[in-house]
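Below: one structure, written as structure tokens.
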Amino acid sequence: MLFKNLSFWSIFLFFSLSVSAQEIDKSRLEKNINFRLNTEIFFKNGSFIFYESNWHYGINQLFPEINSLPFYQMYHLLGYEIPLGGNWAGGLGIRQNYAHQLRMTALRGHLNHTGEFIKIVFFKELSVERFWENTSAKPFQQARFRVMLGRDFKLKKQSFRAILGYDIAKNFESESLAKNRRIQQTNLRLGIDYFLNKTEKNWSLGIYYDKQTEYFFVEEQFLVDKDTGELIPIPARRLNQILPIWSIRLHGQIFQKAVTRRVIF
């Protein structure tokens, strides 16, 4: 299994080295509170339909709400995944993002591998999405590499799962300042799931903490000195914008008994 994972680790190490060399100027935003729902409906051959939705609520948020709801951003993802043998799987999906007047639609394809070592589930996934906006902006592509580790344990006869994950995302845009940064987003995730039923473990309620970092390139700017009226130049710089996120997630799996291969985060 070690050799099968070399290609994933090569991508991961390349992206990680790129990110570490970019950090210069940092800013920290107000924390977000997210509400997430994940559902999978399994078939006997191991394939399944999956659905994910996410609602973002910002503490002291400055962004307008969506349709009078107390959320400034949300998205829905619907897709289908099939097993490819040897703990490999692939799938397709469609995503709809909402943020004030911005609407984005994305087509998604992914390939993943699930392994296990010393009772630790090791999940790797590479996905590619093509986004279309409801503005005049041109479509763009995003590639994302995800690594997730999971370990089940019991505490006073109650079943839990500890989660550690890391995401790296890169946008491919021909006319964007994003081309000045090799990576556009990273996300470090820590979480714990509580299984609502002890035997099948197909329903869980989880609490997660994410440290999401967006990587920008800011052009040269000028500020006016209030006392002298002189222009103060601020040189072009690379900016890392950090957003802490607390999430509550409900995860349900239907007809899970048909599958013995998969553990889904």
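All residue names refer to the structure tokens as shown: chains lettered A, B, ... in order, residues numbered from 1 in each chain, ligands numbered from 1 in order.
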
Proximity check stretch 87-174 of chain A to stretch 182-202 of chain A, 9 Å, nearest pairs one decimal Å, only C-alpha atoms, as a tab-separated table:
residue	atom	partner	partner_atom	distance
A:Met148	CA	A:Arg189	CA	8.8
A:Lys157	CA	A:Lys198	CA	8.6
A:Gln158	CA	A:Lys198	CA	7.1
A:Ser159	CA	A:Phe195	CA	5.6
A:Phe160	CA	A:Tyr194	CA	4.6
A:Arg161	CA	A:Asp193	CA	5.0
A:Ala162	CA	A:Ile192	CA	4.6
A:Ile163	CA	A:Gly191	CA	4.8
A:Leu164	CA	A:Leu190	CA	4.9
A:Gly165	CA	A:Arg189	CA	4.9
A:Tyr166	CA	A:Leu188	CA	4.7
A:Asp167	CA	A:Asn187	CA	4.9
A:Ile168	CA	A:Thr186	CA	4.5
A:Ala169	CA	A:Gln185	CA	5.1
A:Lys170	CA	A:Ile183	CA	4.9
A:Asn171	CA	A:Gln184	CA	6.4

Any chance you can output those residues with C-alpha atoms as a PDB file, in the first residue's frame?
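Output saved as selection-v4.pdb:
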ATOM      1  CA  MET A 148      -8.017  12.824   6.003  1.00  0.00           C
ATOM      2  CA  LYS A 157     -19.351   2.739  26.009  1.00  0.00           C
ATOM      3  CA  GLN A 158     -20.067   5.607  23.597  1.00  0.00           C
ATOM      4  CA  SER A 159     -18.543   5.478  20.092  1.00  0.00           C
ATOM      5  CA  PHE A 160     -16.599   8.413  18.639  1.00  0.00           C
ATOM      6  CA  ARG A 161     -14.331   9.165  15.683  1.00  0.00           C
ATOM      7  CA  ALA A 162     -11.420  11.623  15.817  1.00  0.00           C
ATOM      8  CA  ILE A 163     -10.674  13.473  12.558  1.00  0.00           C
ATOM      9  CA  LEU A 164      -7.553  15.225  11.267  1.00  0.00           C
ATOM     10  CA  GLY A 165      -7.498  16.621   7.729  1.00  0.00           C
ATOM     11  CA  TYR A 166      -5.695  19.002   5.390  1.00  0.00           C
ATOM     12  CA  ASP A 167      -6.817  20.501   2.065  1.00  0.00           C
ATOM     13  CA  ILE A 168      -4.834  22.339  -0.606  1.00  0.00           C
ATOM     14  CA  ALA A 169      -6.597  24.129  -3.480  1.00  0.00           C
ATOM     15  CA  LYS A 170      -5.235  25.776  -6.635  1.00  0.00           C
ATOM     16  CA  ASN A 171      -7.205  27.898  -9.105  1.00  0.00           C
TER      17      ASN A 171
END

I want to know what sits within 6 Å of stretch 123-135 of chain A, based on only C-alpha atoms, with residues of the same chain fewer than 2 positions away left out; could you give that as a count of residues only? 23

Please return, as a PyMOL selection string, all residues of stretch 90-165 of chain A that DSSP assigns to strand (DSSP E or B) on the basis of the backbone. chain A and resi 90-99+102-117+120-133+140-155+158-165

Point-to-point distance in Å for atom CA of A:Met74 and atom CA of A:Leu102: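 That distance, rounded to one decimal, is 11.0 Å.
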
Neighbours of A:Ile41 within 8 Å (only C-alpha atoms; same-chain residues fewer than 3 positions away dropped), as a PyMOL selection string? chain A and resi 48-50+253-256

Tell me, which residues of stretch 62-206 of chain A carry DSSP helix (DSSP H, G or I), written as a PyMOL selection string? chain A and resi 177-180

File dump, residues just selected, N, CA, C and O atoms, as a compact mmCIF listing (two decimals), in the first residue's frame:
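The result, written out as part-v5.txt:
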# COMPACT_ATOMS: atom_id res chain seq x y z
N LEU A 177 -5.51 37.89 -10.47
CA LEU A 177 -4.35 38.08 -9.60
C LEU A 177 -3.95 36.78 -8.92
O LEU A 177 -2.86 36.68 -8.36
N ALA A 178 -4.84 35.78 -8.95
CA ALA A 178 -4.51 34.50 -8.33
C ALA A 178 -3.31 33.84 -8.99
O ALA A 178 -2.64 33.00 -8.39
N LYS A 179 -3.01 34.23 -10.23
CA LYS A 179 -1.88 33.61 -10.92
C LYS A 179 -0.55 33.98 -10.26
O LYS A 179 0.47 33.37 -10.53
N ASN A 180 -0.57 35.02 -9.39
CA ASN A 180 0.65 35.41 -8.70
C ASN A 180 0.90 34.58 -7.44
O ASN A 180 1.92 34.76 -6.78

Show me, as a ChimeraX atom specification, the residues that have an atom within 6 Å of A:Glu81 when counting only C-alpha atoms, minus same-chain residues fewer than 4 positions from it. /A:47-48,90-91

At what distance in Å, to one decimal, does atom CA of A:Arg181 lie from atom CA of A:Gly58? 26.3 Å

For A:Ile248, the nearest of the candidates A:Gly206, A:Val224, A:Glu230, A:Val121, counting only C-alpha atoms: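 Using only C-alpha atoms, A:Ile248 sits closest to A:Gly206.
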
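Here the question is which of A:Phe216, A:Glu116, A:Ile33, A:Ser204 gets nearest to A:His251 using only C-alpha atoms, and that residue is A:Ser204.
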